[in-house]
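Colleague: Provided below: my_file_34.cif, containing mmCIF, C-alpha atoms, pLDDT in the B column; chains and numbers go by the auth columns.
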```
data_start
#
loop_
_atom_site.group_PDB
_atom_site.id
_atom_site.type_symbol
_atom_site.label_atom_id
_atom_site.label_comp_id
_atom_site.label_asym_id
_atom_site.label_seq_id
_atom_site.Cartn_x
_atom_site.Cartn_y
_atom_site.Cartn_z
_atom_site.B_iso_or_equiv
_atom_site.auth_seq_id
_atom_site.auth_asym_id
ATOM 1 C CA MET A 1 -1.889 -2.094 -28.024 49.00 26 A
ATOM 2 C CA ALA A 2 -3.417 -2.635 -24.604 60.00 27 A
ATOM 3 C CA ALA A 3 -1.860 -1.196 -21.480 63.00 28 A
ATOM 4 C CA ILE A 4 -0.807 -3.807 -18.944 63.00 29 A
ATOM 5 C CA VAL A 5 -1.133 -3.152 -15.237 62.00 30 A
ATOM 6 C CA GLY A 6 1.608 -5.080 -13.479 64.00 31 A
ATOM 7 C CA ILE A 7 -0.263 -5.906 -10.295 71.00 32 A
ATOM 8 C CA ASP A 8 -0.939 -9.462 -11.445 80.00 33 A
ATOM 9 C CA ALA A 9 2.475 -10.317 -12.915 85.00 34 A
ATOM 10 C CA ARG A 10 3.751 -13.846 -12.341 89.00 35 A
ATOM 11 C CA VAL A 11 7.173 -15.493 -12.224 91.00 36 A
ATOM 12 C CA ASP A 12 7.557 -19.284 -12.351 91.00 37 A
ATOM 13 C CA TYR A 13 10.716 -21.336 -11.955 90.00 38 A
ATOM 14 C CA SER A 14 11.898 -24.874 -12.477 93.00 39 A
ATOM 15 C CA THR A 15 15.027 -26.440 -11.027 89.00 40 A
ATOM 16 C CA ASN A 16 14.801 -29.195 -13.663 91.00 41 A
ATOM 17 C CA ILE A 17 15.880 -27.624 -16.951 90.00 42 A
ATOM 18 C CA THR A 18 15.473 -30.691 -19.183 92.00 43 A
ATOM 19 C CA THR A 19 11.954 -31.616 -17.997 94.00 44 A
ATOM 20 C CA PRO A 20 10.525 -28.435 -16.407 94.00 45 A
ATOM 21 C CA SER A 21 8.115 -28.676 -13.513 93.00 46 A
ATOM 22 C CA TRP A 22 6.877 -25.113 -12.967 93.00 47 A
ATOM 23 C CA THR A 23 6.416 -23.575 -9.524 87.00 48 A
ATOM 24 C CA PRO A 24 5.382 -19.952 -9.011 87.00 49 A
ATOM 25 C CA PHE A 25 7.596 -17.757 -6.851 81.00 50 A
ATOM 26 C CA THR A 26 5.060 -16.786 -4.221 76.00 51 A
ATOM 27 C CA GLU A 27 4.414 -13.131 -3.456 71.00 52 A
ATOM 28 C CA ARG A 28 6.532 -11.927 -6.438 68.00 53 A
ATOM 29 C CA ASN A 29 4.585 -9.007 -7.805 71.00 54 A
ATOM 30 C CA GLU A 30 7.353 -7.099 -9.607 85.00 55 A
ATOM 31 C CA PHE A 31 10.044 -8.066 -12.077 90.00 56 A
ATOM 32 C CA SER A 32 12.355 -6.393 -14.538 92.00 57 A
ATOM 33 C CA ILE A 33 14.400 -7.886 -17.360 94.00 58 A
ATOM 34 C CA ASN A 34 17.366 -6.100 -18.894 95.00 59 A
ATOM 35 C CA ILE A 35 18.818 -7.183 -22.242 95.00 60 A
ATOM 36 C CA ALA A 36 22.253 -5.809 -23.129 96.00 61 A
ATOM 37 C CA VAL A 37 24.360 -5.900 -26.275 96.00 62 A
ATOM 38 C CA ASP A 38 28.145 -5.540 -26.342 96.00 63 A
ATOM 39 C CA VAL A 39 29.501 -3.354 -29.116 96.00 64 A
ATOM 40 C CA ALA A 40 32.860 -3.790 -30.849 96.00 65 A
ATOM 41 C CA GLU A 41 34.574 -0.842 -32.540 95.00 66 A
ATOM 42 C CA HIS A 42 36.670 -0.947 -35.688 93.00 67 A
ATOM 43 C CA ARG A 43 39.090 1.971 -36.116 92.00 68 A
ATOM 44 C CA ALA A 44 40.886 1.811 -39.421 89.00 69 A
ATOM 45 C CA PHE A 45 44.086 3.759 -40.009 90.00 70 A
ATOM 46 C CA VAL A 46 43.357 6.790 -42.179 90.00 71 A
ATOM 47 C CA SER A 47 45.462 9.483 -43.827 90.00 72 A
ATOM 48 C CA SER A 48 43.229 12.356 -42.675 91.00 73 A
ATOM 49 C CA ILE A 49 41.356 13.029 -39.419 91.00 74 A
ATOM 50 C CA SER A 50 38.326 14.059 -41.478 92.00 75 A
ATOM 51 C CA ALA A 51 38.073 10.426 -42.646 90.00 76 A
ATOM 52 C CA ALA A 52 38.398 9.014 -39.105 91.00 77 A
ATOM 53 C CA TRP A 53 35.039 7.401 -38.549 94.00 78 A
ATOM 54 C CA VAL A 54 34.454 4.495 -36.170 94.00 79 A
ATOM 55 C CA GLN A 55 32.548 1.466 -37.420 94.00 80 A
ATOM 56 C CA LYS A 56 30.570 -0.503 -34.855 95.00 81 A
ATOM 57 C CA ALA A 57 29.133 -3.987 -34.755 96.00 82 A
ATOM 58 C CA ARG A 58 26.983 -5.870 -32.322 95.00 83 A
ATOM 59 C CA THR A 59 28.745 -8.745 -30.570 96.00 84 A
ATOM 60 C CA TRP A 60 27.592 -10.664 -27.492 97.00 85 A
ATOM 61 C CA MET A 61 24.181 -10.341 -25.864 96.00 86 A
ATOM 62 C CA SER A 62 23.373 -10.889 -22.192 97.00 87 A
ATOM 63 C CA TRP A 63 20.409 -10.492 -19.911 96.00 88 A
ATOM 64 C CA SER A 64 19.773 -9.968 -16.238 96.00 89 A
ATOM 65 C CA GLY A 65 17.022 -8.738 -14.000 94.00 90 A
ATOM 66 C CA SER A 66 15.343 -8.662 -10.658 93.00 91 A
ATOM 67 C CA LEU A 67 12.249 -9.889 -8.828 89.00 92 A
ATOM 68 C CA ALA A 68 10.603 -8.105 -5.941 86.00 93 A
ATOM 69 C CA GLY A 69 7.615 -8.647 -3.727 83.00 94 A
ATOM 70 C CA TYR A 70 6.456 -9.472 -0.264 83.00 95 A
ATOM 71 C CA TYR A 71 8.295 -11.920 1.945 81.00 96 A
ATOM 72 C CA ASP A 72 6.478 -15.199 2.598 78.00 97 A
ATOM 73 C CA ASP A 73 7.923 -16.923 5.661 79.00 98 A
ATOM 74 C CA ALA A 74 6.326 -20.229 4.610 80.00 99 A
ATOM 75 C CA ASP A 75 8.328 -20.392 1.371 75.00 100 A
ATOM 76 C CA ASP A 76 12.152 -20.394 1.388 79.00 101 A
ATOM 77 C CA SER A 77 12.504 -21.643 -2.204 78.00 102 A
ATOM 78 C CA ILE A 78 14.281 -18.476 -3.363 79.00 103 A
ATOM 79 C CA PHE A 79 16.889 -18.665 -0.610 80.00 104 A
ATOM 80 C CA ASP A 80 17.324 -22.433 -1.037 83.00 105 A
ATOM 81 C CA THR A 81 17.730 -22.053 -4.811 82.00 106 A
ATOM 82 C CA MET A 82 20.373 -19.359 -4.465 80.00 107 A
ATOM 83 C CA VAL A 83 22.368 -21.266 -1.833 84.00 108 A
ATOM 84 C CA ALA A 84 22.353 -24.363 -4.058 86.00 109 A
ATOM 85 C CA GLY A 85 23.953 -22.286 -6.838 86.00 110 A
ATOM 86 C CA ALA A 86 22.068 -24.173 -9.510 86.00 111 A
ATOM 87 C CA ILE A 87 21.047 -22.769 -12.868 93.00 112 A
ATOM 88 C CA ILE A 88 17.252 -22.594 -12.932 92.00 113 A
ATOM 89 C CA LEU A 89 14.678 -21.986 -15.634 96.00 114 A
ATOM 90 C CA LEU A 90 12.571 -18.820 -15.249 95.00 115 A
ATOM 91 C CA ARG A 91 9.309 -17.740 -16.886 94.00 116 A
ATOM 92 C CA PHE A 92 8.032 -14.172 -16.645 93.00 117 A
ATOM 93 C CA TYR A 93 4.374 -13.402 -17.363 91.00 118 A
ATOM 94 C CA ASP A 94 3.265 -9.772 -17.684 87.00 119 A
ATOM 95 C CA THR A 95 -0.190 -10.772 -16.476 84.00 120 A
ATOM 96 C CA ARG A 96 -1.790 -13.892 -15.019 84.00 121 A
ATOM 97 C CA ALA A 97 -4.677 -13.370 -17.447 84.00 122 A
ATOM 98 C CA VAL A 98 -2.491 -14.404 -20.428 86.00 123 A
ATOM 99 C CA LEU A 99 -0.348 -17.456 -19.668 87.00 124 A
ATOM 100 C CA THR A 100 0.534 -18.072 -23.326 92.00 125 A
ATOM 101 C CA LYS A 101 2.826 -15.032 -23.666 92.00 126 A
ATOM 102 C CA TYR A 102 5.991 -14.897 -21.559 94.00 127 A
ATOM 103 C CA TRP A 103 9.777 -14.533 -21.407 95.00 128 A
ATOM 104 C CA GLU A 104 11.789 -17.685 -20.673 96.00 129 A
ATOM 105 C CA GLY A 105 15.437 -18.380 -19.975 97.00 130 A
ATOM 106 C CA GLN A 106 17.976 -20.041 -17.714 97.00 131 A
ATOM 107 C CA ALA A 107 19.401 -17.950 -14.894 96.00 132 A
ATOM 108 C CA LEU A 108 21.557 -17.959 -11.812 94.00 133 A
ATOM 109 C CA LEU A 109 20.218 -16.160 -8.726 91.00 134 A
ATOM 110 C CA THR A 110 22.946 -13.750 -7.591 93.00 135 A
ATOM 111 C CA SER A 111 21.486 -11.707 -4.740 91.00 136 A
ATOM 112 C CA VAL A 112 18.673 -11.943 -2.193 87.00 137 A
ATOM 113 C CA ASP A 113 17.697 -8.854 -0.213 88.00 138 A
ATOM 114 C CA HIS A 114 15.214 -9.209 2.641 84.00 139 A
ATOM 115 C CA GLY A 115 13.957 -6.024 4.264 87.00 140 A
ATOM 116 C CA THR A 116 11.472 -5.101 6.935 85.00 141 A
ATOM 117 C CA THR A 117 10.287 -1.613 7.779 79.00 142 A
ATOM 118 C CA THR A 118 7.831 -0.327 10.346 80.00 143 A
ATOM 119 C CA ASP A 119 5.617 1.157 7.621 80.00 144 A
ATOM 120 C CA ASP A 120 4.906 -1.832 5.407 80.00 145 A
ATOM 121 C CA PHE A 121 5.153 -5.584 4.970 84.00 146 A
ATOM 122 C CA SER A 122 8.494 -7.388 4.799 86.00 147 A
ATOM 123 C CA THR A 123 9.909 -7.527 1.283 85.00 148 A
ATOM 124 C CA LEU A 124 12.186 -9.852 -0.622 85.00 149 A
ATOM 125 C CA SER A 125 14.156 -8.783 -3.696 88.00 150 A
ATOM 126 C CA VAL A 126 16.188 -11.088 -5.916 89.00 151 A
ATOM 127 C CA ASP A 127 18.743 -10.306 -8.639 94.00 152 A
ATOM 128 C CA PHE A 128 19.682 -12.812 -11.320 95.00 153 A
ATOM 129 C CA GLU A 129 21.989 -13.190 -14.318 96.00 154 A
ATOM 130 C CA GLY A 130 20.863 -14.959 -17.469 97.00 155 A
ATOM 131 C CA ASN A 131 22.697 -18.059 -18.659 97.00 156 A
ATOM 132 C CA GLY A 132 22.327 -18.301 -22.421 97.00 157 A
ATOM 133 C CA SER A 133 19.489 -16.894 -24.468 96.00 158 A
ATOM 134 C CA LEU A 134 16.251 -15.280 -23.366 96.00 159 A
ATOM 135 C CA SER A 135 13.232 -16.239 -25.468 96.00 160 A
ATOM 136 C CA ARG A 136 9.947 -14.450 -26.004 95.00 161 A
ATOM 137 C CA VAL A 137 7.103 -16.948 -26.342 94.00 162 A
ATOM 138 C CA SER A 138 3.960 -15.548 -27.903 89.00 163 A
ATOM 139 C CA PRO A 139 0.824 -17.192 -29.289 79.00 164 A
#
```
Any chance you could give the structure as structure tokens?
Modeller:
Amino acid sequence: MAAIVGIDARVDYSTNITTPSWTPFTERNEFSINIAVDVAEHRAFVSSISAAWVQKARTWMSWSGSLAGYYDDADDSIFDTMVAGAIILLRFYDTRAVLTKYWEGQALLTSVDHGTTTDDFSTLSVDFEGNGSLSRVSP
């Protein structure tokens, strides 16, 4: 297994889900994806506490995540997309060197955080919630 340095990660989006037209989110150089599973518990009535074991089963799955990078004042597509409230299609590439292996799913942008400090460049962070399944595409 090769180690991947995340400095050349890429995130693309499409506002057309049925016929995607991919556009990279400019200056996005960090992303994280979180996949969660809900767990249901079954607690049967028993005659003795020593037999009181909980059985668990996986139920619903969900995913969410965030993007972060430098703010580009020439590109307001992230802000415009969030204000529109539309479900978009996202693709996450671990590296620009391999564009055949990525995560893909529909999402709703839920938060945009723009910050500027005196020490560094302005940043823009975005949170999103998945809508439906998240797929791993691999050659």
Colleague: Please write the residues picked by the PyMOL selection byres ((chain A and resi 112-120) around 6) on this file as an mmCIF file with C-alpha atoms, keeping the file's coordinate frame.
Modeller:
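New file part20.cif:
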```cif
data_model
loop_
_atom_site.group_PDB
_atom_site.id
_atom_site.type_symbol
_atom_site.label_atom_id
_atom_site.label_comp_id
_atom_site.auth_asym_id
_atom_site.auth_seq_id
_atom_site.Cartn_x
_atom_site.Cartn_y
_atom_site.Cartn_z
ATOM 1 C CA ASP A 33 -0.939 -9.462 -11.445
ATOM 2 C CA ALA A 34 2.475 -10.317 -12.915
ATOM 3 C CA ARG A 35 3.751 -13.846 -12.341
ATOM 4 C CA VAL A 36 7.173 -15.493 -12.224
ATOM 5 C CA ASP A 37 7.557 -19.284 -12.351
ATOM 6 C CA TYR A 38 10.716 -21.336 -11.955
ATOM 7 C CA SER A 39 11.898 -24.874 -12.477
ATOM 8 C CA THR A 40 15.027 -26.440 -11.027
ATOM 9 C CA ILE A 42 15.880 -27.624 -16.951
ATOM 10 C CA ALA A 111 22.068 -24.173 -9.510
ATOM 11 C CA ARG A 121 -1.790 -13.892 -15.019
ATOM 12 C CA ALA A 122 -4.677 -13.370 -17.447
ATOM 13 C CA VAL A 123 -2.491 -14.404 -20.428
ATOM 14 C CA TYR A 127 5.991 -14.897 -21.559
ATOM 15 C CA TRP A 128 9.777 -14.533 -21.407
ATOM 16 C CA GLU A 129 11.789 -17.685 -20.673
ATOM 17 C CA GLY A 130 15.437 -18.380 -19.975
ATOM 18 C CA GLN A 131 17.976 -20.041 -17.714
ATOM 19 C CA ALA A 132 19.401 -17.950 -14.894
ATOM 20 C CA LEU A 133 21.557 -17.959 -11.812
#
```
Colleague: Which residues are close to Glu154 in chain A, i.e. within 10 Å by all atoms listed in the file, leaving aside same-chain residues fewer than 6 positions away? Reply as a list in words.
Modeller: Ile58, Asn59, Ser87, Trp88, Ser89, Gly90, Ser91, Ile112, Gln131, Ala132, Leu133, Leu134, Thr135 and Ser136 of chain A
Colleague: Just to confirm, what's the straight-line distance from CA of Asp138 in chain A to CA of Ile32 in chain A in Å (one decimal)?
Modeller: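 These two atoms are separated by 20.8 Å.
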Colleague: At what distance in Å, to one decimal, does CA of Leu92 in chain A lie from CA of Ser57 in chain A?
Modeller: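 Computing the Euclidean distance for CA of Ser57 in chain A and CA of Leu92 in chain A yields 6.7 Å.
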Colleague: Within 9 Å of (20.7, -16.6, 0.6) in the file's own coordinates, which protein, DNA or RNA residues have an atom, counting all atoms listed in the file? List them as a list of chain:residue names.
Modeller: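 The residues that fall inside the cut-off are A:Ile103, A:Phe104, A:Asp105, A:Thr106, A:Met107, A:Val108, A:Thr135, A:Ser136, A:Val137, A:Asp138.
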Colleague: For Ala69 in chain A, work out the shell of residues within 12 Å, counting all atoms listed in the file and skipping chain neighbours fewer than 6 positions away, then give it as a PyMOL selection string.
Modeller: chain A and resi 76-81
Colleague: Under the rule that all atoms listed in the file are counted, which of A:Trp47, A:Ser160, A:Glu52, A:Ser150 is the nearest residue to Asp98 in chain A?
Modeller: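 Among the listed residues, A:Glu52 lies closest to Asp98 in chain A.
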Colleague: Write out as AutoDock Vina command-line options an axis-aligned box for range 95-103 of chain A: all of its atoms listed in the file, 3 Å added on each side, centre and edge lengths in Å with one decimal.
Modeller:
```
--center_x 10.3 --center_y -15.6 --center_z 1.1 --size_x 14.0 --size_y 18.2 --size_z 15.0
```
Colleague: What does the distance from CA of Trp85 in chain A to CA of Ala61 in chain A come to in Å, to one decimal?
Modeller: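 CA of Ala61 in chain A lies 8.4 Å from CA of Trp85 in chain A.
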Colleague: Of the residues A:Asn41, A:Thr84, A:Thr48, A:Thr142, which is the one nearest to Val62 in chain A, using only C-alpha atoms?
Modeller: A:Thr84
Colleague: Point out the residue among A:Gly110, A:Asp152, A:Arg83, A:Tyr96 with the least atom-to-atom distance to Gly140 in chain A, counting only C-alpha atoms.
Modeller: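 Among the listed residues, A:Tyr96 lies closest to Gly140 in chain A.
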Colleague: As a list in words, please: the residues near Thr148 in chain A (cut-off 8 Å, only C-alpha atoms, same-chain neighbours under 6 positions excluded).
Modeller: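 That gives Ala93, Gly94, Tyr95, Tyr96, His139, Gly140 and Thr141 of chain A.
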Colleague: Measuring atom to atom with only C-alpha atoms, identify which of A:Ser72, A:Thr125, A:Ser147, A:Thr51 is nearest to Asp100 in chain A.
Modeller: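 Using only C-alpha atoms, the shortest distance to Asp100 in chain A belongs to A:Thr51.
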